[in-house]
file work.pdb (PDB, C-alpha atoms)
MODEL        1
ATOM      1  CA  MET A   1      91.305  18.995  81.219
ATOM      2  CA  PHE A   2      88.934  21.922  81.471
ATOM      3  CA  ASN A   3      86.971  22.441  84.658
ATOM      4  CA  LEU A   4      83.338  22.754  83.562
ATOM      5  CA  GLU A   5      82.251  24.350  86.822
ATOM      6  CA  TYR A   6      84.990  26.981  86.531
ATOM      7  CA  LEU A   7      83.936  27.828  82.992
ATOM      8  CA  LEU A   8      80.283  28.194  84.007
ATOM      9  CA  ASN A   9      81.204  30.502  86.876
ATOM     10  CA  LEU A  10      83.363  32.605  84.556
ATOM     11  CA  TYR A  11      80.534  32.817  82.027
ATOM     12  CA  ASN A  12      78.060  33.937  84.713
ATOM     13  CA  GLN A  13      80.479  36.601  85.937
ATOM     14  CA  ILE A  14      80.862  37.967  82.406
ATOM     15  CA  LEU A  15      77.073  38.095  81.999
ATOM     16  CA  LYS A  16      76.732  39.967  85.274
ATOM     17  CA  LEU A  17      79.341  42.531  84.225
ATOM     18  CA  TYR A  18      77.662  42.923  80.837
ATOM     19  CA  ASP A  19      74.265  43.405  82.446
ATOM     20  CA  ILE A  20      75.654  45.945  84.902
ATOM     21  CA  LYS A  21      77.299  47.893  82.060
ATOM     22  CA  ILE A  22      74.055  48.016  80.090
ATOM     23  CA  LEU A  23      72.138  49.156  83.137
ATOM     24  CA  GLY A  24      74.730  51.787  83.909
ATOM     25  CA  THR A  25      74.744  53.109  80.367
ATOM     26  CA  THR A  26      70.951  53.087  80.203
ATOM     27  CA  PHE A  27      70.753  54.922  83.516
ATOM     28  CA  ASP A  28      73.236  57.570  82.334
ATOM     29  CA  ILE A  29      71.298  58.129  79.096
ATOM     30  CA  LEU A  30      68.064  58.346  81.064
ATOM     31  CA  LYS A  31      69.626  60.974  83.322
ATOM     32  CA  VAL A  32      70.620  63.044  80.298
ATOM     33  CA  VAL A  33      67.095  62.849  78.859
ATOM     34  CA  ILE A  34      65.503  63.848  82.183
ATOM     35  CA  ILE A  35      67.935  66.734  82.697
ATOM     36  CA  ALA A  36      67.298  67.954  79.140
ATOM     37  CA  TYR A  37      63.527  67.820  79.702
ATOM     38  CA  ILE A  38      63.783  69.727  82.993
ATOM     39  CA  ALA A  39      66.189  72.256  81.450
ATOM     40  CA  LYS A  40      63.779  72.879  78.584
ATOM     41  CA  LYS A  41      60.781  73.401  80.877
ATOM     42  CA  LEU A  42      62.780  75.586  83.256
ATOM     43  CA  GLY A  43      64.200  77.584  80.350
ATOM     44  CA  TYR A  44      60.714  78.206  78.921
ATOM     45  CA  LEU A  45      59.530  79.346  82.360
ATOM     46  CA  LEU A  46      62.454  81.753  82.761
ATOM     47  CA  ILE A  47      61.903  83.164  79.277
ATOM     48  CA  ASP A  48      58.228  83.814  80.017
ATOM     49  CA  ARG A  49      59.148  85.431  83.353
ATOM     50  CA  PHE A  50      61.759  87.605  81.645
ATOM     51  CA  TYR A  51      59.301  89.028  79.128
ATOM     52  CA  VAL A  52      56.671  89.577  81.832
ATOM     53  CA  MET A  53      59.237  91.605  83.795
ATOM     54  CA  GLN A  54      60.198  93.452  80.606
ATOM     55  CA  GLU A  55      56.632  94.773  80.324
ATOM     56  CA  ARG A  56      57.176  96.638  83.616
ATOM     57  CA  SER A  57      60.492  98.168  82.558
ATOM     58  CA  LYS A  58      61.024 101.596  81.020
ATOM     59  CA  ILE A  59      61.884 100.173  77.595
ATOM     60  CA  GLN A  60      58.795  98.289  76.463
ATOM     61  CA  PHE A  61      58.031  96.312  73.310
ATOM     62  CA  SER A  62      54.625  95.816  71.781
ATOM     63  CA  GLU A  63      52.737  92.640  72.678
ATOM     64  CA  ARG A  64      53.257  91.403  69.128
ATOM     65  CA  LYS A  65      57.028  91.924  69.392
ATOM     66  CA  VAL A  66      57.192  90.221  72.798
ATOM     67  CA  LYS A  67      55.422  87.126  71.453
ATOM     68  CA  THR A  68      57.756  86.983  68.463
ATOM     69  CA  LEU A  69      60.938  87.320  70.543
ATOM     70  CA  SER A  70      59.651  84.827  73.119
ATOM     71  CA  SER A  71      58.908  82.267  70.403
ATOM     72  CA  LEU A  72      62.334  82.782  68.802
ATOM     73  CA  THR A  73      64.202  82.551  72.133
ATOM     74  CA  LYS A  74      62.436  79.300  73.011
ATOM     75  CA  ASN A  75      63.247  77.969  69.559
ATOM     76  CA  ILE A  76      66.961  78.679  69.988
ATOM     77  CA  LEU A  77      66.996  77.234  73.528
ATOM     78  CA  ARG A  78      65.359  74.036  72.286
ATOM     79  CA  TYR A  79      68.016  73.539  69.600
ATOM     80  CA  VAL A  80      70.848  74.166  72.097
ATOM     81  CA  ILE A  81      69.438  71.694  74.634
ATOM     82  CA  TYR A  82      68.905  69.035  71.963
ATOM     83  CA  PHE A  83      72.478  69.483  70.707
ATOM     84  CA  VAL A  84      73.998  69.203  74.205
ATOM     85  CA  ALA A  85      71.836  66.167  75.016
ATOM     86  CA  ILE A  86      72.820  64.345  71.806
ATOM     87  CA  TYR A  87      76.471  65.197  72.370
ATOM     88  CA  SER A  88      76.310  63.815  75.942
ATOM     89  CA  ILE A  89      74.577  60.591  74.851
ATOM     90  CA  LEU A  90      77.207  59.982  72.171
ATOM     91  CA  GLU A  91      79.945  60.472  74.765
ATOM     92  CA  ILE A  92      78.230  57.951  77.067
ATOM     93  CA  LEU A  93      78.103  55.438  74.232
ATOM     94  CA  GLY A  94      81.839  55.912  73.716
ATOM     95  CA  LEU A  95      81.565  57.817  70.445
ATOM     96  CA  LYS A  96      83.975  60.734  70.513
ATOM     97  CA  MET A  97      82.764  63.848  68.729
ATOM     98  CA  GLY A  98      86.264  64.517  67.403
ATOM     99  CA  SER A  99      86.282  61.218  65.547
ATOM    100  CA  ILE A 100      82.767  61.762  64.266
ATOM    101  CA  LEU A 101      83.646  65.215  62.969
ATOM    102  CA  ALA A 102      86.771  63.844  61.301
ATOM    103  CA  VAL A 103      84.732  61.216  59.493
ATOM    104  CA  ALA A 104      82.082  63.788  58.646
ATOM    105  CA  GLY A 105      84.781  66.016  57.160
ATOM    106  CA  ILE A 106      85.364  63.486  54.401
ATOM    107  CA  GLY A 107      81.801  63.901  53.189
ATOM    108  CA  SER A 108      81.558  67.602  53.980
ATOM    109  CA  LEU A 109      81.204  68.513  50.303
ATOM    110  CA  ALA A 110      78.152  66.299  49.836
ATOM    111  CA  VAL A 111      76.682  67.454  53.130
ATOM    112  CA  GLY A 112      77.315  71.069  52.134
ATOM    113  CA  PHE A 113      75.099  70.764  49.100
ATOM    114  CA  GLY A 114      72.376  69.196  51.224
ATOM    115  CA  ALA A 115      72.679  71.909  53.888
ATOM    116  CA  GLN A 116      72.229  74.774  51.458
ATOM    117  CA  SER A 117      68.480  74.860  52.000
ATOM    118  CA  LEU A 118      68.974  74.792  55.779
ATOM    119  CA  VAL A 119      71.375  77.740  55.654
ATOM    120  CA  LYS A 120      68.948  79.589  53.377
ATOM    121  CA  ASP A 121      66.081  78.977  55.837
ATOM    122  CA  VAL A 122      68.114  80.293  58.779
ATOM    123  CA  ILE A 123      69.343  83.409  56.946
ATOM    124  CA  THR A 124      65.833  84.218  55.677
ATOM    125  CA  GLY A 125      64.402  83.688  59.159
ATOM    126  CA  PHE A 126      66.962  86.104  60.600
ATOM    127  CA  PHE A 127      66.020  88.845  58.133
ATOM    128  CA  ILE A 128      62.281  88.258  58.688
ATOM    129  CA  ILE A 129      62.759  88.954  62.402
ATOM    130  CA  PHE A 130      65.356  91.711  61.932
ATOM    131  CA  GLU A 131      63.192  93.622  59.425
ATOM    132  CA  ASP A 132      60.020  92.967  61.453
ATOM    133  CA  GLN A 133      58.152  91.746  58.369
ATOM    134  CA  PHE A 134      55.553  90.033  60.556
ATOM    135  CA  GLY A 135      55.184  88.799  64.112
ATOM    136  CA  VAL A 136      53.361  86.220  66.194
ATOM    137  CA  GLY A 137      49.638  86.978  66.127
ATOM    138  CA  ASP A 138      49.681  88.766  62.759
ATOM    139  CA  TYR A 139      47.287  87.678  60.026
ATOM    140  CA  ILE A 140      49.398  87.207  56.893
ATOM    141  CA  THR A 141      49.459  85.592  53.461
ATOM    142  CA  ILE A 142      52.576  83.620  52.494
ATOM    143  CA  ASN A 143      52.800  81.916  49.094
ATOM    144  CA  ASN A 144      48.979  81.632  48.839
ATOM    145  CA  PHE A 145      48.687  80.401  52.466
ATOM    146  CA  SER A 146      46.698  82.741  54.728
ATOM    147  CA  GLY A 147      46.431  82.509  58.497
ATOM    148  CA  THR A 148      47.552  83.742  61.901
ATOM    149  CA  VAL A 149      51.246  83.414  62.779
ATOM    150  CA  GLU A 150      51.722  80.990  65.665
ATOM    151  CA  GLU A 151      55.498  80.646  65.664
ATOM    152  CA  ILE A 152      58.507  82.177  63.947
ATOM    153  CA  GLY A 153      61.630  80.042  64.103
ATOM    154  CA  LEU A 154      65.059  80.265  62.557
ATOM    155  CA  ARG A 155      64.116  77.510  60.111
ATOM    156  CA  VAL A 156      60.314  77.494  59.701
ATOM    157  CA  THR A 157      57.283  79.720  60.175
ATOM    158  CA  LYS A 158      53.980  78.241  61.367
ATOM    159  CA  ILE A 159      50.637  79.823  60.466
ATOM    160  CA  ARG A 160      47.156  78.505  61.257
ATOM    161  CA  ASP A 161      44.329  79.212  58.826
ATOM    162  CA  PHE A 162      40.629  79.727  59.581
ATOM    163  CA  SER A 163      39.866  76.020  59.108
ATOM    164  CA  GLY A 164      42.322  75.148  61.892
ATOM    165  CA  ASP A 165      45.016  73.645  59.661
ATOM    166  CA  LEU A 166      48.590  74.407  60.692
ATOM    167  CA  ASN A 167      50.799  75.325  57.722
ATOM    168  CA  ILE A 168      54.543  74.866  58.326
ATOM    169  CA  ILE A 169      56.533  76.856  55.767
ATOM    170  CA  PRO A 170      60.358  76.752  55.490
ATOM    171  CA  ASN A 171      61.651  80.321  55.715
ATOM    172  CA  GLY A 172      63.731  79.833  52.577
ATOM    173  CA  GLU A 173      60.565  79.246  50.538
ATOM    174  CA  ILE A 174      58.941  82.528  51.587
ATOM    175  CA  THR A 175      59.042  84.598  48.411
ATOM    176  CA  SER A 176      56.261  87.095  49.156
ATOM    177  CA  VAL A 177      54.432  88.174  52.304
ATOM    178  CA  THR A 178      51.241  90.185  52.702
ATOM    179  CA  ASN A 179      50.738  91.422  56.257
ATOM    180  CA  HIS A 180      47.063  92.160  56.906
ATOM    181  CA  SER A 181      47.689  93.309  60.484
ATOM    182  CA  LYS A 182      49.783  96.425  59.986
ATOM    183  CA  GLY A 183      48.007  99.774  59.877
ATOM    184  CA  ALA A 184      44.334 100.526  59.402
ATOM    185  CA  MET A 185      42.204  98.049  57.455
ATOM    186  CA  ARG A 186      39.317  98.865  55.138
ATOM    187  CA  ALA A 187      35.768  97.663  55.766
ATOM    188  CA  LEU A 188      33.715  97.796  52.574
ATOM    189  CA  VAL A 189      29.980  97.090  52.297
ATOM    190  CA  THR A 190      28.010  97.326  49.052
ATOM    191  CA  ILE A 191      24.203  97.436  49.323
ATOM    192  CA  GLY A 192      21.780  97.049  46.419
ATOM    193  CA  ILE A 193      18.315  98.603  46.233
ATOM    194  CA  SER A 194      15.760  98.278  43.479
ATOM    195  CA  TYR A 195      15.234 101.011  40.866
ATOM    196  CA  GLU A 196      11.724 101.665  42.195
ATOM    197  CA  GLU A 197      13.001 102.682  45.668
ATOM    198  CA  ASP A 198      13.512 106.272  46.827
ATOM    199  CA  VAL A 199      17.294 106.748  46.733
ATOM    200  CA  ASP A 200      17.259 109.771  49.052
ATOM    201  CA  LYS A 201      15.324 107.777  51.651
ATOM    202  CA  ALA A 202      17.791 104.884  51.445
ATOM    203  CA  LEU A 203      20.783 107.233  51.738
ATOM    204  CA  LYS A 204      19.283 108.895  54.798
ATOM    205  CA  ILE A 205      18.762 105.524  56.520
ATOM    206  CA  LEU A 206      22.300 104.410  55.695
ATOM    207  CA  ASN A 207      23.809 107.625  57.079
ATOM    208  CA  GLU A 208      21.874 107.164  60.329
ATOM    209  CA  ILE A 209      23.149 103.576  60.565
ATOM    210  CA  CYS A 210      26.741 104.721  60.010
ATOM    211  CA  ASN A 211      26.493 107.322  62.766
ATOM    212  CA  ALA A 212      25.080 104.735  65.189
ATOM    213  CA  VAL A 213      27.790 102.181  64.371
ATOM    214  CA  LYS A 214      30.512 104.787  64.867
ATOM    215  CA  LYS A 215      29.191 105.627  68.341
ATOM    216  CA  ASP A 216      28.772 101.985  69.415
ATOM    217  CA  ARG A 217      32.143 100.581  68.300
ATOM    218  CA  ASP A 218      35.648 101.500  69.440
ATOM    219  CA  ASP A 219      37.451  99.538  66.720
ATOM    220  CA  ILE A 220      36.586 102.030  63.956
ATOM    221  CA  LEU A 221      39.311 104.556  63.163
ATOM    222  CA  GLU A 222      37.540 106.469  60.399
ATOM    223  CA  GLY A 223      33.971 106.482  59.090
ATOM    224  CA  PRO A 224      31.871 104.611  58.262
ATOM    225  CA  SER A 225      30.839 106.883  55.410
ATOM    226  CA  VAL A 226      28.272 106.486  52.683
ATOM    227  CA  LEU A 227      30.013 107.065  49.345
ATOM    228  CA  GLY A 228      26.719 107.213  47.459
ATOM    229  CA  ILE A 229      25.645 105.393  44.290
ATOM    230  CA  THR A 230      28.666 103.538  42.922
ATOM    231  CA  ASN A 231      27.168 101.309  40.226
ATOM    232  CA  PHE A 232      24.061 100.508  38.178
ATOM    233  CA  LYS A 233      23.255  96.887  37.388
ATOM    234  CA  ASP A 234      20.410  95.078  35.645
ATOM    235  CA  SER A 235      18.021  95.220  38.601
ATOM    236  CA  THR A 236      20.119  96.937  41.264
ATOM    237  CA  VAL A 237      21.272 100.385  42.273
ATOM    238  CA  GLU A 238      24.460  99.846  44.301
ATOM    239  CA  ILE A 239      25.396 102.059  47.257
ATOM    240  CA  THR A 240      28.784 101.653  48.933
ATOM    241  CA  ILE A 241      29.817 102.236  52.558
ATOM    242  CA  VAL A 242      33.471 102.382  53.609
ATOM    243  CA  ALA A 243      35.254 102.540  56.983
ATOM    244  CA  MET A 244      38.818 102.230  58.297
ATOM    245  CA  THR A 245      39.208  99.879  61.257
ATOM    246  CA  LYS A 246      41.819  98.468  63.578
ATOM    247  CA  PRO A 247      43.698  95.429  62.196
ATOM    248  CA  MET A 248      41.610  92.241  61.967
ATOM    249  CA  GLN A 249      38.376  94.085  62.853
ATOM    250  CA  GLN A 250      37.239  94.941  59.328
ATOM    251  CA  TRP A 251      35.134  91.792  58.960
ATOM    252  CA  ALA A 252      33.348  92.331  62.280
ATOM    253  CA  VAL A 253      32.479  95.896  61.254
ATOM    254  CA  GLU A 254      31.185  94.710  57.881
ATOM    255  CA  ARG A 255      28.978  92.078  59.543
ATOM    256  CA  ASP A 256      27.584  94.651  61.981
ATOM    257  CA  LEU A 257      26.771  97.083  59.166
ATOM    258  CA  ARG A 258      25.000  94.435  57.086
ATOM    259  CA  TYR A 259      22.942  93.273  60.072
ATOM    260  CA  ARG A 260      21.775  96.789  60.934
ATOM    261  CA  ILE A 261      21.044  97.648  57.307
ATOM    262  CA  LYS A 262      18.827  94.565  56.951
ATOM    263  CA  GLN A 263      16.903  95.474  60.105
ATOM    264  CA  GLU A 264      16.420  99.138  59.178
ATOM    265  CA  PHE A 265      15.449  98.413  55.572
ATOM    266  CA  ASP A 266      12.835  95.904  56.760
ATOM    267  CA  ASP A 267      11.457  98.397  59.312
ATOM    268  CA  ASN A 268      11.246 101.164  56.698
ATOM    269  CA  SER A 269       9.931  98.949  53.865
ATOM    270  CA  VAL A 270      12.970  99.438  51.648
ATOM    271  CA  GLU A 271      13.075  96.536  49.231
ATOM    272  CA  PHE A 272      16.194  94.594  48.378
ATOM    273  CA  PRO A 273      16.235  93.599  44.687
ATOM    274  CA  TYR A 274      16.075  89.954  43.773
ATOM    275  CA  PRO A 275      16.008  88.118  40.439
ATOM    276  CA  HIS A 276      12.485  87.812  38.988
ATOM    277  CA  MET A 277      10.821  87.064  35.674
ATOM    278  CA  ASP A 278       7.587  88.448  34.189
ATOM    279  CA  VAL A 279       5.462  85.808  32.418
ATOM    280  CA  VAL A 280       2.717  86.915  29.943
ATOM    281  CA  LEU A 281      -0.036  84.379  29.144
ATOM    282  CA  LYS A 282      -1.995  84.681  25.872
ATOM    283  CA  GLU A 283      -5.304  82.936  25.075
ATOM    284  CA  ILE A 284      -5.038  80.768  21.940
ATOM    285  CA  ASN A 285      -8.154  79.625  19.962
ATOM    286  CA  LYS A 286      -8.581  76.242  18.382
ATOM    287  CA  LYS A 287      -6.853  77.357  15.176
ATOM    288  CA  GLY A 288      -3.844  78.471  17.156
ATOM    289  CA  ASP A 289      -4.511  82.217  16.704
ATOM    290  CA  SER A 290      -4.021  84.587  19.602
ATOM    291  CA  ASP A 291      -6.556  87.261  20.606
ATOM    292  CA  ALA A 292      -4.387  89.985  19.033
ATOM    293  CA  GLU A 293      -4.321  88.137  15.670
ATOM    294  CA  ARG A 294      -8.120  87.754  15.697
ATOM    295  CA  ASP A 295      -8.556  91.472  16.362
ATOM    296  CA  GLN A 296      -6.315  92.332  13.406
ATOM    297  CA  ARG A 297      -8.440  90.211  11.066
ATOM    298  CA  GLY A 298     -11.545  92.124  12.276
TER     299      GLY A 298
ENDMDL
END

call {"tool": "encode", "arguments": {"input": "work.pdb", "output": "structure tokens"}}
result
Amino acid sequence: MFNLEYLLNLYNQILKLYDIKILGTTFDILKVVIIAYIAKKLGYLLIDRFYVMQERSKIQFSERKVKTLSSLTKNILRYVIYFVAIYSILEILGLKMGSILAVAGIGSLAVGFGAQSLVKDVITGFFIIFEDQFGVGDYITINNFSGTVEEIGLRVTKIRDFSGDLNIIPNGEITSVTNHSKGAMRALVTIGISYEEDVDKALKILNEICNAVKKDRDDILEGPSVLGITNFKDSTVEITIVAMTKPMQQWAVERDLRYRIKQEFDDNSVEFPYPHMDVVLKEINKKGDSDAERDQRG
């Protein structure tokens, strides 16, 4: 006959062992997560310190290059830490990586087709960095997306546009890139004056403005220069001003030129053309004849 008390004690002992095992496993997994978090933070700190020290060395990279390499190094470190952490957690759970890889080998063909895009992203990302097509901080256009590069990874590139949206683009889908941050950029301002205005007077004012802007700004590499009359329109004589600026400064120079031109034209009574319509009113008699028709009849 079974001893009920003995069975209850045995059951309680099993529960205690089960609970202890769960707690132990949970504690081990928690340790792995904490160590991975600390390793990631510490790794990021060391990477930042390394590139700060590099700026003081004899061989120096540009700030743009440093940001790009720092972002890439952090990206690689993050993947390595995640891989080691996942591997450790699987080992704690009793899942041997050798067995998992053996099972995965059976479906390697199917996985290979699915991983083609991943391999393409990584290879394209490598060549983007190797060829220095663009870097962190550059203003670029990728596949009709324009913005400032925030991160270049082995798999994706992140750019933020002027509205604040973050566009995440797989490197394998990058088919064309326009880098707006390499070399001098052109600032172009077209001003319209009416046909009744004195063109020589307007050109003189614009040349004085260009000379003042050139003295006041240090982001202008060449110009600004008044090209002269570049077009005739229905009610406008167009005059164009051009300048070469440092990257990303062309819009600021254009805004400054337009502001000063508006002020100087107002001070010197130079009129900007605007759409208008001339309306001619004719007096009609009771019979519906105009004054001109009455004069013709005598």

call {"tool": "residues_around", "arguments": {"input": "work.pdb", "residues": "A:Lys40", "least_positions_apart": "4", "cutoff": "12 Å", "atoms": "all atoms listed in the file", "output": "list in words"}}
result
Val33, Ile34, Ile35, Ala36, Tyr44, Leu45, Leu46, Ile47, Thr73, Lys74, Asn75, Ile76, Leu77, Arg78, Tyr79, Val80, Ile81, Tyr82, Val84 and Ala85 of chain A

call {"tool": "residues_near_point", "arguments": {"input": "work.pdb", "point": "(47.3, 78.6, 62.1)", "cutoff": "8 Å", "atoms": "all atoms listed in the file", "output": "ChimeraX atom specification"}}
result
/A:147-150,158-162,164-167

call {"tool": "write_last_selection", "arguments": {"input": "work.pdb", "atoms": "C-alpha atoms", "output": "JSON list (two decimals), in the coordinates of the input"}}
result
[["chain", "number", "residue", "atom", "x", "y", "z"],
["A", 147, "GLY", "CA", 46.43, 82.51, 58.50],
["A", 148, "THR", "CA", 47.55, 83.74, 61.90],
["A", 149, "VAL", "CA", 51.25, 83.41, 62.78],
["A", 150, "GLU", "CA", 51.72, 80.99, 65.67],
["A", 158, "LYS", "CA", 53.98, 78.24, 61.37],
["A", 159, "ILE", "CA", 50.64, 79.82, 60.47],
["A", 160, "ARG", "CA", 47.16, 78.50, 61.26],
["A", 161, "ASP", "CA", 44.33, 79.21, 58.83],
["A", 162, "PHE", "CA", 40.63, 79.73, 59.58],
["A", 164, "GLY", "CA", 42.32, 75.15, 61.89],
["A", 165, "ASP", "CA", 45.02, 73.64, 59.66],
["A", 166, "LEU", "CA", 48.59, 74.41, 60.69],
["A", 167, "ASN", "CA", 50.80, 75.32, 57.72]]

call {"tool": "closest_residue", "arguments": {"input": "work.pdb", "among": "A:Glu264, A:Glu254, A:Glu131, A:Glu151", "to": "A:Asn207", "atoms": "all atoms listed in the file"}}
result
A:Glu264

call {"tool": "resolve_selection", "arguments": {"input": "work.pdb", "expression": "the PyMOL selection byres ((chain A and resi 203) around 12)", "output": "VMD selection string"}}
result
chain A and resid 191 to 193 197 to 202 204 to 210 225 to 229 237 to 241 261 264 to 265 270

call {"tool": "atom_distance", "arguments": {"input": "work.pdb", "atom1": "atom CA of A:Asp219", "atom2": "atom CA of A:Ser70"}}
result
27.4 Å

call {"tool": "closest_residue", "arguments": {"input": "work.pdb", "among": "A:Ile169, A:Leu257, A:Val52, A:Leu93", "to": "A:Arg217", "atoms": "all atoms listed in the file"}}
result
A:Leu257

call {"tool": "residues_around", "arguments": {"input": "work.pdb", "residues": "A:Met248", "least_positions_apart": "5", "cutoff": "12 Å", "atoms": "only C-alpha atoms", "output": "PyMOL selection string"}}
result
chain A and resi 137-140+147-148+179-187+219-220+253-254

call {"tool": "write_last_selection", "arguments": {"input": "work.pdb", "atoms": "C-alpha atoms", "output": "compact mmCIF listing (two decimals), keeping the file's coordinate frame"}}
result
# COMPACT_ATOMS: atom_id res chain seq x y z
CA GLY A 137 49.64 86.98 66.13
CA ASP A 138 49.68 88.77 62.76
CA TYR A 139 47.29 87.68 60.03
CA ILE A 140 49.40 87.21 56.89
CA GLY A 147 46.43 82.51 58.50
CA THR A 148 47.55 83.74 61.90
CA ASN A 179 50.74 91.42 56.26
CA HIS A 180 47.06 92.16 56.91
CA SER A 181 47.69 93.31 60.48
CA LYS A 182 49.78 96.42 59.99
CA GLY A 183 48.01 99.77 59.88
CA ALA A 184 44.33 100.53 59.40
CA MET A 185 42.20 98.05 57.46
CA ARG A 186 39.32 98.86 55.14
CA ALA A 187 35.77 97.66 55.77
CA ASP A 219 37.45 99.54 66.72
CA ILE A 220 36.59 102.03 63.96
CA VAL A 253 32.48 95.90 61.25
CA GLU A 254 31.18 94.71 57.88

call {"tool": "atom_distance", "arguments": {"input": "work.pdb", "atom1": "atom CA of A:Arg155", "atom2": "atom CA of A:Asp121"}}
result
4.9 Å

call {"tool": "residues_around", "arguments": {"input": "work.pdb", "residues": "A:Ile152", "least_positions_apart": "4", "cutoff": "7 Å", "atoms": "all atoms listed in the file", "output": "PyMOL selection string"}}
result
chain A and resi 68+71-72+136+156-158

call {"tool": "resolve_selection", "arguments": {"input": "work.pdb", "expression": "the PyMOL selection byres ((chain A and resi 174) around 10)", "output": "short mmCIF file (atom, residue, chain, number, x, y, z; two decimals) with C-alpha atoms, keeping the file's coordinate frame"}}
result
data_model
loop_
_atom_site.label_atom_id
_atom_site.label_comp_id
_atom_site.auth_asym_id
_atom_site.auth_seq_id
_atom_site.Cartn_x
_atom_site.Cartn_y
_atom_site.Cartn_z
CA ASP A 121 66.08 78.98 55.84
CA THR A 124 65.83 84.22 55.68
CA GLY A 125 64.40 83.69 59.16
CA ILE A 128 62.28 88.26 58.69
CA ILE A 142 52.58 83.62 52.49
CA ASN A 143 52.80 81.92 49.09
CA VAL A 156 60.31 77.49 59.70
CA THR A 157 57.28 79.72 60.18
CA ILE A 169 56.53 76.86 55.77
CA PRO A 170 60.36 76.75 55.49
CA ASN A 171 61.65 80.32 55.72
CA GLY A 172 63.73 79.83 52.58
CA GLU A 173 60.56 79.25 50.54
CA THR A 175 59.04 84.60 48.41
CA SER A 176 56.26 87.10 49.16
CA VAL A 177 54.43 88.17 52.30
#

call {"tool": "closest_residue", "arguments": {"input": "work.pdb", "among": "A:Asp216, A:Tyr195, A:Lys233, A:Phe83", "to": "A:Glu271", "atoms": "all atoms listed in the file"}}
result
A:Tyr195

call {"tool": "resolve_selection", "arguments": {"input": "work.pdb", "expression": "the PyMOL selection byres ((chain A and resi 89) around 10)", "output": "ChimeraX atom specification"}}
result
/A:25-26,28-33,84-88,90-95

call {"tool": "atom_distance", "arguments": {"input": "work.pdb", "atom1": "atom CA of A:Pro273", "atom2": "atom CA of A:Asp256"}}
result
20.7 Å

call {"tool": "closest_residue", "arguments": {"input": "work.pdb", "among": "A:Val280, A:Ile168, A:Ala212, A:Ala243", "to": "A:Phe145", "atoms": "only C-alpha atoms"}}
result
A:Ile168
